[in-house]
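Enquirer: Okay, here's the structure, questions in a sec.
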Amino acid sequence: GAGVSQSPRYKVAKRGQDVALRCDPISGHVSLFWYQQALGQGPEFLTYFQNEAQLDKSGLPSDRFFAERPEGSVSTLKIQRTQQEDSAVYLCASSFMNTEAFFGQGTRLTVV
Amino acid sequence: DQQVKQNSPSLSVQEGRISILNCDYTNSMFDYFLWYKKYPAEGPTFLISISSIKDKNEDGRFTVFLNKSAKHLSLHIVPSQPGDSAVYFCAASALGSGTYKYIFGTGTRLKVLA
């Protein structure tokens with residue numbers, strides 16, 4: 001595709017609800033990242049995939065957060081039992097190996 | 001512990017003048033640095049990068065300078081244009097350590113006045 005595509009753009013979830021955020025990376029990009037950005041802050045690293053392998057998940061804030069990329073392309077970030085502190089913009093980025101990463105527009109999650 | 005710091009939350013510059021955005025880092029393992037620009041409701045857009053083997057990289061109006069001994073980098077925009085008004089993030093990674101994640105600063109909001 002032309003760029004990194006994320007869906008949905010906006011998501012409102014009731015506290016306790018499970019959500020799934022989707023990322024379609026740029027075709028051929030090996031590396032895929034998920035970041036979380038709170039208001040007024042820089043993006044914070046969540047997890048990193050190289051093809052289908054999740055090589056780094058050190059940034060996932062709790063075991064309620066789970067990410068997968070089963071076929072080395074599309075990725076899903078799942079948050080179980082959402083809480084208010086999960087409200088943020090979730091950014092996906094992809095890159096071809098170690099080159100610069102290209103970001104999607106993000107999914108703004110609001111937990112009410 | 002903030003490994004990448006952007007100490008100026010905002011900066012205003014007159015159109016046509018130079019904009020200088022600064023970034024400091026603490027981790028000596030960082031060897032690849034990037035600048036991203038972000039408009040409201042959009043994802044960050046890659047601007048320019050620099051490897052630690054260089055001390056300068058230029059792309060059009062954008063130049064990034066790296067001072068490894070001071071653990072400092074800066075982004076120069078010359079001449080500044082109103083369309084450059086955005087939030088600028090610097091980011092760093094330690095590729096040589098096999099760590100591909102970027103650590104971002106908190107951003108500097110640049111306003112270019114017409």
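Residue numbering restarts at 1 for every chain of the structure tokens, chains are lettered A, B, ... in their displayed order, and ligands are numbered from 1 as they appear.
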Once you count only C-alpha atoms, what closest atom pair and distance in Å to one decimal does each residue of chain A within 6 Å of chain B have, with rows by chain and rising residue number, as a Markdown table?
Expert:
```
| residue | atom | partner | partner_atom | distance |
| --- | --- | --- | --- | --- |
| A:Gln41 | CA | B:Thr106 | CA | 4.9 |
| A:Gly42 | CA | B:Thr106 | CA | 4.3 |
| A:Phe103 | CA | B:Gly43 | CA | 5.6 |
| A:Gly104 | CA | B:Gly43 | CA | 5.4 |
| A:Gln105 | CA | B:Gly43 | CA | 4.1 |
| A:Gly106 | CA | B:Gly43 | CA | 5.9 |
```
Enquirer: Emit the selected residues as a PDB file, in the first residue's frame, including N, CA and C atoms.
Expert:
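Dumped to out-v6.pdb:
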```pdb
ATOM      1  N   GLN A  41       2.855  14.087  25.193  1.00  0.00           N
ATOM      2  CA  GLN A  41       4.063  13.269  25.345  1.00  0.00           C
ATOM      3  C   GLN A  41       4.544  12.763  23.994  1.00  0.00           C
ATOM      4  N   GLY A  42       5.765  12.248  23.981  1.00  0.00           N
ATOM      5  CA  GLY A  42       6.251  11.580  22.784  1.00  0.00           C
ATOM      6  C   GLY A  42       5.743  10.148  22.738  1.00  0.00           C
ATOM      7  N   PHE A 103       5.078   5.994  10.027  1.00  0.00           N
ATOM      8  CA  PHE A 103       3.964   5.844  10.946  1.00  0.00           C
ATOM      9  C   PHE A 103       2.616   5.945  10.241  1.00  0.00           C
ATOM     10  N   GLY A 104       1.638   5.245  10.797  1.00  0.00           N
ATOM     11  CA  GLY A 104       0.261   5.442  10.410  1.00  0.00           C
ATOM     12  C   GLY A 104      -0.327   6.637  11.146  1.00  0.00           C
ATOM     13  N   GLN A 105      -1.608   6.906  10.881  1.00  0.00           N
ATOM     14  CA  GLN A 105      -2.266   8.071  11.480  1.00  0.00           C
ATOM     15  C   GLN A 105      -2.663   7.825  12.934  1.00  0.00           C
ATOM     16  N   GLY A 106      -2.634   6.563  13.339  1.00  0.00           N
ATOM     17  CA  GLY A 106      -2.937   6.275  14.730  1.00  0.00           C
ATOM     18  C   GLY A 106      -4.403   5.950  14.957  1.00  0.00           C
TER      19      GLY A 106
END
```
Enquirer: Would you list the contacts of Val19 in chain A as a list in words, taking every protein, DNA or RNA residue within 9 Å and counting only C-alpha atoms, but skipping same-chain residues closer than 2 positions in sequence?
Expert: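 Listed by chain and then number, they are Lys11, Ala13, Gln17, Leu21, Leu77, Lys78, Ile79, Gln80, Arg81 and Thr82 of chain A.
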Enquirer: Extract the full set of strand (DSSP E) residues from chain B according to DSSP on the backbone, and format it as JSON, numbers by chain.
Expert: {"B": [4, 5, 10, 11, 12, 13, 14, 19, 20, 21, 22, 23, 24, 25, 32, 33, 34, 35, 36, 37, 38, 45, 46, 47, 48, 49, 50, 51, 56, 57, 58, 59, 62, 63, 64, 65, 66, 67, 72, 73, 74, 75, 76, 77, 86, 87, 88, 89, 90, 91, 92, 93, 94, 99, 100, 101, 102, 103, 104, 108, 109, 110, 111, 112, 113]}
Enquirer: Based on the selection just made, write C-alpha atoms of those residues as a short mmCIF file (atom, residue, chain, number, x, y, z; two decimals), in the first residue's frame.
Expert:
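After the write, selection.cif holds the following:
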```cif
data_model
loop_
_atom_site.label_atom_id
_atom_site.label_comp_id
_atom_site.auth_asym_id
_atom_site.auth_seq_id
_atom_site.Cartn_x
_atom_site.Cartn_y
_atom_site.Cartn_z
CA VAL B 4 15.95 11.54 25.13
CA LYS B 5 15.16 15.09 26.19
CA SER B 10 7.81 25.48 22.22
CA LEU B 11 9.60 27.81 19.82
CA SER B 12 8.40 30.75 17.71
CA VAL B 13 10.34 31.92 14.67
CA GLN B 14 9.70 34.52 12.02
CA SER B 19 14.64 27.46 13.32
CA ILE B 20 16.91 25.49 15.64
CA LEU B 21 15.44 22.60 17.59
CA ASN B 22 17.57 20.86 20.20
CA CYS B 23 17.68 17.39 21.64
CA ASP B 24 19.88 15.79 24.31
CA TYR B 25 20.34 12.12 25.10
CA TYR B 32 21.02 6.31 15.08
CA PHE B 33 18.97 9.45 15.44
CA LEU B 34 15.89 10.72 13.67
CA TRP B 35 13.65 13.75 13.55
CA TYR B 36 9.92 13.47 12.98
CA LYS B 37 7.33 16.18 12.37
CA LYS B 38 3.77 15.80 13.59
CA THR B 45 6.23 12.02 9.51
CA PHE B 46 9.89 11.15 9.04
CA LEU B 47 12.09 14.18 8.27
CA ILE B 48 15.76 13.31 8.46
CA SER B 49 18.12 10.91 10.19
CA ILE B 50 21.78 10.68 11.10
CA SER B 51 24.07 7.82 12.00
CA LYS B 56 26.03 16.33 9.89
CA ASN B 57 23.35 15.34 7.43
CA GLU B 58 21.55 17.73 5.10
CA ASP B 59 18.35 17.37 3.09
CA PHE B 62 16.72 20.56 6.88
CA THR B 63 20.10 19.85 8.47
CA VAL B 64 20.76 17.68 11.49
CA PHE B 65 23.94 18.11 13.53
CA LEU B 66 25.24 15.50 15.95
CA ASN B 67 27.72 16.22 18.74
CA HIS B 72 23.44 16.53 21.68
CA LEU B 73 21.74 16.86 18.33
CA SER B 74 19.98 19.72 16.67
CA LEU B 75 17.71 20.25 13.69
CA HIS B 76 18.14 23.41 11.63
CA ILE B 77 15.40 24.56 9.28
CA ALA B 86 4.15 21.47 13.83
CA VAL B 87 5.46 19.44 16.75
CA TYR B 88 8.96 18.07 16.18
CA PHE B 89 10.16 14.90 17.90
CA CYS B 90 13.69 13.62 18.04
CA ALA B 91 14.20 9.90 18.45
CA ALA B 92 17.16 7.61 19.06
CA SER B 93 17.92 3.94 18.79
CA ALA B 94 20.83 1.60 19.52
CA THR B 99 17.75 -2.80 19.57
CA TYR B 100 15.52 -1.42 16.87
CA LYS B 101 13.01 0.49 18.95
CA TYR B 102 13.10 4.27 18.94
CA ILE B 103 13.12 6.28 22.14
CA PHE B 104 11.34 9.59 21.58
CA THR B 108 8.98 20.84 20.61
CA ARG B 109 6.09 22.80 19.14
CA LEU B 110 7.40 25.09 16.40
CA LYS B 111 5.36 28.05 15.29
CA VAL B 112 6.54 29.93 12.22
CA LEU B 113 5.05 33.40 12.08
#
```
Enquirer: Identify which of the residues A:Ser7, A:Thr99, A:Thr76, A:Ser94 lies closest to Ser27 in chain A, counting only C-alpha atoms when measuring atom-to-atom distances.
Expert: A:Ser94
Enquirer: Restricting the calculation to only C-alpha atoms, which member of A:Glu100, A:Glu71, A:Asp63, A:Asp86 is positioned closest to Lys14 in chain A?
Expert: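 Closest candidate: A:Asp86.
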Enquirer: What does the distance from CA of Pro70 in chain A to CA of Pro43 in chain A come to in Å, to one decimal?
Expert: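 Taking CA of Pro70 in chain A and CA of Pro43 in chain A, their separation equals 24.4 Å.
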Enquirer: What lies within 10 Å of Leu39 in chain A using only C-alpha atoms, ignoring chain neighbours under 6 positions off, as a list in words?
Expert: Ser87, Ala88 and Val89 of chain A
Enquirer: Select, from A:Ser73, A:Ser62, A:Ser31, A:Ser5, the residue with the minimum atom-to-atom distance to Leu46 in chain A, counting only C-alpha atoms.
Expert: A:Ser62
Enquirer: With only C-alpha atoms as the basis for distance, which of A:Phe49, A:Phe66, A:Trp34, A:Tyr90 is at the shortest distance from Tyr10 in chain A?
Expert: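 Looking only at the distances to Tyr10 in chain A, the closest residue turns out to be A:Tyr90.
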Enquirer: To one decimal place in Å, what is the distance between CA of Thr26 in chain B and CA of Gly59 in chain A?
Expert: 19.2 Å
Enquirer: Tell me which of A:Pro8, A:Gly3, A:Gly72, A:Pro61 sits closest to Ile26 in chain A, counting only C-alpha atoms.
Expert: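 Ranking A:Pro8, A:Gly3, A:Gly72, A:Pro61 by distance to Ile26 in chain A, first place goes to A:Gly3.
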